[in-house]
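The file my_file_32.cif contains mmCIF, C-alpha atoms and all ligand atoms:
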data_start
loop_
_atom_site.label_atom_id
_atom_site.label_comp_id
_atom_site.auth_asym_id
_atom_site.auth_seq_id
_atom_site.Cartn_x
_atom_site.Cartn_y
_atom_site.Cartn_z
CA MET A 107 152.56 191.24 148.78
CA PRO A 108 155.57 190.66 151.02
CA ALA A 109 158.67 188.71 150.00
CA VAL A 110 161.88 187.94 151.83
CA LYS A 111 165.10 188.82 150.02
CA VAL A 112 167.99 186.42 150.60
CA PRO A 113 171.31 185.64 148.85
CA ARG A 114 170.80 182.86 146.33
CA ARG A 115 172.80 180.22 148.20
CA GLU A 116 170.71 180.75 151.32
CA ALA A 117 167.45 180.52 149.43
CA GLU A 118 166.82 176.81 149.97
CA PRO A 119 167.47 176.65 153.72
CA VAL A 120 165.54 179.86 154.34
CA LYS A 121 162.65 178.58 152.26
CA ARG A 122 162.59 175.39 154.30
CA LYS A 123 162.62 177.37 157.53
CA LEU A 124 159.79 179.62 156.33
CA LYS A 125 157.76 176.56 155.33
CA LYS A 126 158.26 175.05 158.75
CA LEU A 127 157.05 178.25 160.39
CA GLY A 128 154.02 178.26 158.09
CA LEU A 129 155.07 181.61 156.63
CA TYR A 130 155.98 180.53 153.09
CA ASP A 131 153.35 181.33 150.46
CA GLY A 132 153.54 178.37 148.05
CA LYS A 133 150.82 179.81 145.84
CA ARG A 134 153.21 182.42 144.46
CA ARG A 135 156.49 181.92 142.62
CA PRO A 136 159.90 182.89 143.99
CA LYS A 137 161.93 185.19 141.77
CA ARG A 138 165.66 185.49 141.13
CA GLU A 139 167.21 188.94 141.19
CA ASP A 140 170.94 189.61 140.77
CA GLY A 141 172.38 187.00 143.09
CA HIS A 142 169.37 187.09 145.38
CA VAL A 143 166.08 185.28 145.53
CA LEU A 144 162.76 186.81 146.53
CA LEU A 145 160.76 184.26 148.49
CA PRO A 146 156.99 184.81 148.71
CA VAL A 147 155.71 184.97 152.29
CA PHE A 148 152.36 185.59 153.94
CA ASP A 149 151.45 189.02 155.22
CA ASN A 150 152.26 188.20 158.83
CA PRO A 151 154.07 190.40 161.37
CA GLU A 152 156.14 187.33 162.34
CA ILE A 153 158.31 187.66 159.26
CA HIS A 154 159.71 191.00 160.36
CA ARG A 155 161.09 189.35 163.47
CA LEU A 156 163.25 186.88 161.57
CA GLY A 157 165.88 189.42 160.60
CA TYR A 158 165.57 189.13 156.81
CA GLU A 159 165.06 191.99 154.42
CA VAL A 160 161.35 192.15 153.60
CA LEU A 161 160.17 193.78 150.38
CA ASN A 162 156.79 194.48 148.95
CA VAL A 163 156.67 192.98 145.44
CA GLU A 164 154.28 191.40 142.99
CA LEU A 165 155.25 187.76 142.62
CA PRO A 166 153.11 185.88 140.10
CA PHE A 167 150.74 183.16 141.24
CA ARG A 168 151.55 179.64 140.18
CA PRO A 169 148.97 178.22 137.80
CA GLU A 170 146.64 175.91 139.71
CA ARG A 171 147.68 172.76 137.93
CA GLN A 172 151.32 173.31 138.73
CA ILE A 173 150.60 173.12 142.41
CA TYR A 174 149.27 169.63 141.78
CA LYS A 175 151.97 168.53 139.39
CA ASN A 176 153.18 165.61 141.43
CA LEU A 177 151.72 163.07 143.76
CA GLU A 178 154.10 163.90 146.56
CA GLY A 179 153.13 167.54 146.38
CA VAL A 180 149.45 166.70 146.53
CA LEU A 181 149.81 164.19 149.32
CA ALA A 182 151.87 166.57 151.44
CA GLU A 183 148.46 167.88 152.51
CA ARG A 184 147.48 164.56 154.06
CA LEU A 185 150.59 162.49 154.78
CA SER A 186 153.34 163.18 157.27
CA GLU A 187 156.88 163.79 156.06
CA GLU A 188 157.85 160.36 157.39
CA GLU A 189 155.03 158.72 155.42
CA LEU A 190 155.92 160.62 152.26
CA LYS A 191 159.37 159.06 152.35
CA HIS A 192 157.81 155.66 151.77
CA LEU A 193 155.87 156.76 148.70
CA ARG A 194 156.96 154.79 145.64
CA ARG A 195 157.09 155.74 141.99
CA TYR A 196 153.96 154.86 140.13
CA ASP A 197 153.00 154.33 136.49
CA VAL A 198 150.04 155.34 134.46
CA ILE A 199 149.26 152.74 131.81
CA GLY A 200 146.35 153.78 129.63
CA ASP A 201 143.69 154.75 132.18
CA ILE A 202 145.15 152.56 134.94
CA ALA A 203 147.43 153.91 137.66
CA VAL A 204 149.75 151.31 139.15
CA ILE A 205 151.55 151.82 142.44
CA GLN A 206 153.44 149.76 144.98
CA ILE A 207 152.22 150.32 148.51
CA PRO A 208 154.76 149.39 151.16
CA PRO A 209 153.50 148.15 154.55
CA GLU A 210 154.25 151.56 156.09
CA LEU A 211 151.55 153.12 153.89
CA GLU A 212 148.88 150.40 153.94
CA HIS A 213 146.71 152.55 156.20
CA ARG A 214 146.99 155.44 153.72
CA VAL A 215 145.61 153.65 150.67
CA ASP A 216 142.53 155.88 150.45
CA ASP A 217 144.63 159.03 150.57
CA ILE A 218 146.96 157.70 147.88
CA VAL A 219 144.01 156.89 145.62
CA TRP A 220 142.66 160.38 146.24
CA GLY A 221 146.06 161.88 145.34
CA LEU A 222 146.46 159.84 142.17
CA ARG A 223 143.01 160.86 140.99
CA LYS A 224 143.76 164.48 141.72
CA VAL A 225 146.98 164.36 139.66
CA HIS A 226 145.44 162.20 136.89
CA PRO A 227 141.73 162.97 136.73
CA PHE A 228 141.23 160.65 133.75
CA ILE A 229 142.25 157.39 135.43
CA ARG A 230 139.52 154.78 135.88
CA VAL A 231 141.42 152.10 137.83
CA VAL A 232 144.02 152.22 140.58
CA ALA A 233 145.91 148.97 141.06
CA LYS A 234 148.40 147.95 143.68
CA LYS A 235 151.45 146.19 142.31
CA GLY A 236 152.68 143.09 144.11
CA PHE A 237 156.21 141.77 144.15
CA HIS A 238 155.92 138.22 142.92
CA GLU A 239 156.79 137.53 139.31
CA GLY A 240 156.52 134.28 137.32
CA ALA A 241 158.19 133.00 134.16
CA PHE A 242 156.09 135.30 132.00
CA ARG A 243 157.05 138.31 134.17
CA ILE A 244 153.47 138.94 135.25
CA ARG A 245 153.04 140.67 138.60
CA ASP A 246 150.16 140.10 140.98
CA TYR A 247 147.97 143.16 141.04
CA SER A 248 144.98 144.01 143.19
CA ILE A 249 142.54 146.68 142.24
CA ILE A 250 142.14 149.21 145.02
CA TRP A 251 139.81 151.64 143.31
CA GLY A 252 137.63 151.93 140.22
CA GLU A 253 136.56 149.52 137.52
CA ARG A 254 137.44 145.87 138.03
CA ARG A 255 139.80 145.45 135.10
CA LEU A 256 143.50 145.47 134.28
CA GLU A 257 143.02 145.79 130.55
CA THR A 258 143.52 149.09 128.81
CA ILE A 259 144.97 150.74 125.73
CA HIS A 260 148.23 152.56 126.33
CA LYS A 261 149.51 155.20 123.92
CA GLU A 262 153.24 155.51 123.40
CA ASN A 263 155.58 156.67 120.64
CA GLY A 264 152.73 157.06 118.17
CA VAL A 265 151.25 153.58 118.61
CA GLU A 266 148.38 152.12 120.61
CA ILE A 267 149.24 149.15 122.76
CA LYS A 268 146.53 146.98 124.24
CA VAL A 269 147.74 145.51 127.50
CA ASP A 270 146.26 143.38 130.23
CA LEU A 271 148.45 143.48 133.30
CA SER A 272 146.86 140.31 134.66
CA ARG A 273 147.78 138.33 131.55
CA ALA A 274 150.99 139.74 130.10
CA PHE A 275 154.04 141.82 130.95
CA PHE A 276 154.21 145.47 129.96
CA ASN A 277 156.55 148.22 131.18
CA PRO A 278 155.74 151.82 130.15
CA ARG A 279 159.10 153.02 131.47
CA MET A 280 160.85 151.50 128.46
CA LYS A 281 159.25 154.10 126.22
CA GLY A 282 162.55 155.99 125.87
CA GLU A 283 164.45 152.82 125.02
CA ARG A 284 161.97 151.92 122.31
CA TYR A 285 162.30 155.38 120.85
CA ARG A 286 166.11 155.14 120.97
CA LEU A 287 166.11 151.85 119.09
CA ALA A 288 163.64 153.11 116.50
CA GLN A 289 166.12 155.92 115.79
CA LEU A 290 169.03 153.52 115.33
CA VAL A 291 167.21 151.28 112.88
CA ARG A 292 167.55 151.95 109.13
CA ASP A 293 164.92 151.29 106.47
CA GLY A 294 165.36 147.90 104.86
CA GLU A 295 166.68 146.08 107.95
CA ARG A 296 165.54 142.60 108.93
CA ILE A 297 165.08 142.47 112.70
CA LEU A 298 164.51 139.67 115.20
CA ILE A 299 162.83 140.35 118.55
CA PRO A 300 162.75 137.40 120.97
CA PHE A 301 160.80 137.80 124.27
CA ALA A 302 158.50 140.16 122.39
CA GLY A 303 155.59 140.36 124.86
CA VAL A 304 152.58 142.27 123.52
CA LEU A 305 154.90 143.71 120.81
CA PRO A 306 155.78 147.19 122.09
CA TYR A 307 159.29 147.24 120.56
CA ALA A 308 158.13 145.78 117.26
CA LEU A 309 155.23 148.23 116.93
CA VAL A 310 157.26 151.33 117.72
CA ILE A 311 160.05 150.39 115.29
CA ALA A 312 157.65 149.38 112.52
CA ARG A 313 155.73 152.58 113.07
CA TYR A 314 158.72 154.64 111.94
CA LYS A 315 160.87 152.39 109.77
CA LYS A 316 160.24 150.30 106.67
CA VAL A 317 161.62 147.07 108.11
CA LYS A 318 160.79 143.38 108.35
CA ILE A 319 160.46 142.19 111.93
CA THR A 320 160.16 138.65 113.27
CA ALA A 321 158.98 138.52 116.90
CA VAL A 322 158.76 135.52 119.23
CA GLU A 323 156.76 135.14 122.45
CA LEU A 324 155.85 132.11 124.57
CA ASN A 325 153.02 133.39 126.76
CA GLU A 326 149.87 132.68 124.78
CA GLU A 327 147.98 135.56 126.38
CA ALA A 328 150.72 138.02 125.41
CA TYR A 329 150.75 136.50 121.94
CA LYS A 330 147.00 137.05 121.53
CA LEU A 331 147.27 140.66 122.71
CA GLY A 332 150.17 141.14 120.30
CA LEU A 333 148.02 139.96 117.40
CA GLU A 334 145.31 142.39 118.47
CA ASN A 335 147.91 145.15 118.58
CA LEU A 336 148.97 144.41 115.01
CA GLU A 337 145.35 144.86 113.95
CA LEU A 338 144.92 147.98 116.08
CA ASN A 339 147.94 149.67 114.47
CA ARG A 340 147.75 148.17 110.99
CA LYS A 341 147.24 151.49 109.22
CA ARG A 342 150.06 153.26 111.04
CA LEU A 343 152.86 150.80 110.43
CA LYS A 344 155.48 151.34 107.74
CA GLY A 345 157.19 148.03 108.47
CA GLU A 346 155.97 144.43 108.55
CA ILE A 347 155.77 142.24 111.64
CA GLU A 348 155.64 138.45 111.69
CA PHE A 349 154.71 137.13 115.14
CA ILE A 350 155.60 133.59 116.22
CA HIS A 351 154.08 131.88 119.25
CA GLY A 352 156.76 129.67 120.79
CA ASP A 353 159.78 129.19 123.01
CA VAL A 354 162.73 131.35 122.02
CA PHE A 355 165.12 128.50 122.79
CA GLU A 356 163.27 126.21 120.37
CA VAL A 357 162.26 128.69 117.69
CA LEU A 358 165.47 130.68 117.20
CA PRO A 359 167.71 127.76 116.18
CA GLU A 360 165.34 127.25 113.22
CA LEU A 361 165.49 130.87 112.08
CA PRO A 362 168.04 132.51 109.75
CA THR A 363 170.30 135.39 110.87
CA TYR A 364 169.16 139.02 110.95
CA ASP A 365 170.67 142.49 110.61
CA ARG A 366 169.63 143.30 114.15
CA VAL A 367 168.47 141.33 117.17
CA ILE A 368 166.73 143.07 120.08
CA SER A 369 166.51 140.90 123.20
CA PRO A 370 164.44 142.27 126.13
CA THR A 371 165.64 139.28 128.09
CA PRO A 372 163.60 138.31 131.16
CA ARG A 373 165.56 138.46 134.41
CA GLY A 374 167.39 135.27 135.23
CA VAL A 375 167.34 133.99 131.64
CA ASP A 376 170.60 133.66 129.70
CA ALA A 377 169.98 134.02 125.99
CA LEU A 378 173.25 135.74 125.13
CA ALA A 379 174.89 133.01 123.05
CA LEU A 380 171.68 132.24 121.20
CA THR A 381 170.73 135.81 120.34
CA LEU A 382 174.30 136.72 119.36
CA SER A 383 174.38 133.74 117.00
CA LYS A 384 171.34 135.14 115.18
CA THR A 385 172.74 138.56 114.32
CA GLY A 386 175.01 139.64 111.51
CA ARG A 387 175.44 143.27 112.58
CA TRP A 388 173.77 144.46 115.76
CA LEU A 389 172.61 142.93 119.02
CA HIS A 390 170.83 144.92 121.72
CA TYR A 391 170.89 142.66 124.74
CA TYR A 392 169.06 143.67 127.92
CA ASP A 393 170.04 142.25 131.27
CA PHE A 394 169.97 143.02 135.00
CA VAL A 395 173.41 143.65 136.39
CA HIS A 396 174.82 144.66 139.76
CA GLU A 397 176.84 147.88 139.46
CA THR A 398 180.03 146.05 140.45
CA GLU A 399 179.45 143.44 137.73
CA ILE A 400 179.16 145.72 134.71
CA ARG A 401 182.77 145.10 133.71
CA ASN A 402 182.29 141.35 133.98
CA PHE A 403 179.13 141.59 131.93
CA ARG A 404 181.08 143.31 129.18
CA GLY A 405 183.81 140.69 129.41
CA ARG A 406 181.26 137.91 129.15
CA ILE A 407 179.89 139.40 125.94
CA LEU A 408 183.34 139.87 124.38
CA GLU A 409 184.20 136.30 125.35
CA GLU A 410 181.06 134.99 123.64
CA CYS A 411 181.88 137.05 120.53
CA ARG A 412 185.33 135.45 120.41
CA ARG A 413 183.82 132.01 120.86
CA GLN A 414 181.54 132.65 117.88
CA GLY A 415 184.40 134.03 115.80
CA LYS A 416 182.91 137.54 115.73
CA GLU A 417 184.86 140.75 116.18
CA CYS A 418 182.66 143.00 118.31
CA GLY A 419 182.44 146.45 119.82
CA VAL A 420 180.37 146.64 123.00
CA ARG A 421 178.77 149.70 124.56
CA ILE A 422 176.83 149.28 127.77
CA LYS A 423 174.09 151.67 128.71
CA LYS A 424 172.26 151.89 132.03
CA VAL A 425 168.59 151.87 131.22
CA SER A 426 166.95 152.05 134.65
CA ASP A 427 167.40 151.41 138.36
CA PHE A 428 166.01 147.99 139.01
CA LYS A 429 166.68 147.92 142.73
CA PRO A 430 169.41 149.45 144.86
CA HIS A 431 172.75 148.87 143.09
CA VAL A 432 171.21 146.72 140.36
CA PHE A 433 170.60 148.23 136.95
CA LYS A 434 168.71 147.16 133.94
CA VAL A 435 171.31 147.64 131.23
CA CYS A 436 171.42 147.33 127.48
CA ALA A 437 174.53 146.09 125.74
CA ASP A 438 174.70 147.49 122.23
CA VAL A 439 176.91 145.00 120.42
CA ARG A 440 178.24 145.87 116.97
CA ILE A 441 179.70 143.12 114.86
CA LYS A 442 182.56 144.45 112.78
CA GLY A 443 183.30 143.67 109.19
N1 LIG B 1 159.46 142.83 125.06
C1 LIG B 1 158.32 142.89 125.92
C2 LIG B 1 158.32 141.79 127.00
C3 LIG B 1 159.57 141.71 127.83
S1 LIG B 1 159.32 140.67 129.27
C4 LIG B 1 158.19 144.24 126.54
O1 LIG B 1 159.18 144.96 126.63
O2 LIG B 1 157.10 144.59 126.98
C5 LIG B 1 159.89 139.14 128.73
C6 LIG B 1 158.90 138.38 127.89
O3 LIG B 1 159.51 137.14 127.51
C7 LIG B 1 157.58 138.02 128.59
O4 LIG B 1 156.51 138.44 127.79
C8 LIG B 1 157.63 136.49 128.72
O5 LIG B 1 156.36 135.91 128.58
C9 LIG B 1 158.51 136.11 127.55
N2 LIG B 1 159.24 134.84 127.69
C10 LIG B 1 159.83 134.33 128.78
N3 LIG B 1 160.48 133.18 128.49
C11 LIG B 1 160.30 132.98 127.15
C12 LIG B 1 160.75 131.99 126.23
N4 LIG B 1 161.50 130.97 126.66
N5 LIG B 1 160.41 132.10 124.94
C13 LIG B 1 159.65 133.15 124.50
N6 LIG B 1 159.21 134.11 125.32
C14 LIG B 1 159.53 134.03 126.62
#
Turn the structure described in the file into structure tokens.
Amino acid sequence: MPAVKVPRREAEPVKRKLKKLGLYDGKRRPKREDGHVLLPVFDNPEIHRLGYEVLNVELPFRPERQIYKNLEGVLAERLSEEELKHLRRYDVIGDIAVIQIPPELEHRVDDIVWGLRKVHPFIRVVAKKGFHEGAFRIRDYSIIWGERRLETIHKENGVEIKVDLSRAFFNPRMKGERYRLAQLVRDGERILIPFAGVLPYALVIARYKKVKITAVELNEEAYKLGLENLELNRKRLKGEIEFIHGDVFEVLPELPTYDRVISPTPRGVDALALTLSKTGRWLHYYDFVHETEIRNFRGRILEECRRQGKECGVRIKKVSDFKPHVFKVCADVRIKG
């Protein structure tokens, strides 16, 4: 089978050009060879007219499933390049795929559903994510394909999490953060988790560490799902979880202090002073911060530490892109002494 041999730094542009001309054979893999790359091309006399060195080599076929490894790749068959640019990231939560569909792609909904099902054959629901968000951080979703439900069981970090996107907030993208925190925690700690939702942080930490967790959530629907999740994971958990239904700003003042407080603070809510006052050693405080404000955010935390007579070290970590120039960040605050 023919392949075009080009210097490595020309490989990308040449590949693009070959694709445009319909000569690039995407079913086979390119191969690197001492500073050059062999690009698979179709057996077509055209290629000899392009002025590249053409060899006859065996380049291995890509396994079928790799061709379909991402939605963009699959949809390239049906959407124009311009349309593909508008494609948003999507999530798979349990057997539900969730995607935002911008106005530019409204007329392509059926193709997007087709693509999602091709990439994730096991999904049973495709839901479109709206933009509006209330106090409980619940989005408006509409089901665009499949069973009429937004309830499912999501598996993450060794636990099962029952969620219902129409009733309570859940974000699968925080999986890495939950894992990170579970690693930081030591056996024996007493931990407070305000804004606990359906308990993803509490479950993941208690799954791996012998700790005592107190979690607080105001949305009754999230609270009920959280209780179900405790039951669902009962046998897996090393730690204990106490779950309180109530308003963080009313409940926390009544609670003692803890070794660690983890605050997945909802956007627009300021719980810094309150959560800091409840920790003796560590606070992990999540917030949404413009990239130019990260310094100020740090200053605000140090100022609050001083006000509370605490000597603190603060490390700020970008957790995810929230929107252009605005990050979800986590401040890891260590109280010295
Ligand atoms: N920790 C969860 C939820 C984070 S979203 C997770 O990561 O999935 C923030 C949560 O705080 C929502 O579930 C919302 O219902 C809850 N909430 C908002 N205001 C609250 C308050 N004043 N007291 C308690 N919970 C509150």
Draw an axis-aligned box tight on the listed atoms of ligand LIG 1 (chain B), then pad every side by 5 Å and write out centre and edge lengths in Å to one decimal as JSON.
{"center_x": 158.9, "center_y": 138.0, "center_z": 126.9, "size_x": 15.1, "size_y": 24.0, "size_z": 14.8}
message = Env of A:Ala328: 7 Å cut, atoms = only C-alpha atoms, seq-sep filter 5 positions within chain, self excluded. Answer as an NGL selection string.
response = :A and (273-274 or 303-304)
key: Close residues to ligand LIG 1 (chain B) using only C-alpha atoms and all ligand atoms, limit 6 Å, as a PyMOL selection string   = chain A and resi 241-243+275-277+301-303+306+322-325+352-355+370-372
request  = For a cut-off of 6 Å around (166.0, 191.2, 150.5), file coordinates, pick out all residues using all atoms listed in the file and list them as a count of residues only.
outcome  = 5
query = Can you list, as a PyMOL selection string, every protein, DNA or RNA residue that comes within 12 Å of A:Phe228 when you count all atoms listed in the file, leaving out same-chain residues fewer than 2 positions away?
reply = chain A and resi 198-203+222-226+230-232+252
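Counting all atoms listed in the file, the residue from A:Phe433, A:Phe403, A:Trp388, A:Tyr196 that sits nearest to A:Glu417 is A:Trp388.
Computed from the coordinates, the atom CA of A:Val420 to atom CA of A:Gly282 distance equals 20.3 Å.
Atom CA of A:Asp246 sits 25.8 Å away from atom CA of A:Ile299.
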ask   = Which residues, written as a VMD selection string, have at least one atom at most 10 Å from stretch 261-271 of chain A, with all atoms listed in the file counted and residues fewer than 6 positions away on the same chain left out?
value = chain A and resid 199 to 200 202 204 233 235 244 to 247 255 277 to 278 280 to 282 284 to 285 288 303 to 306 309 to 314 327 to 328 331 to 336 338 to 340 342 to 343
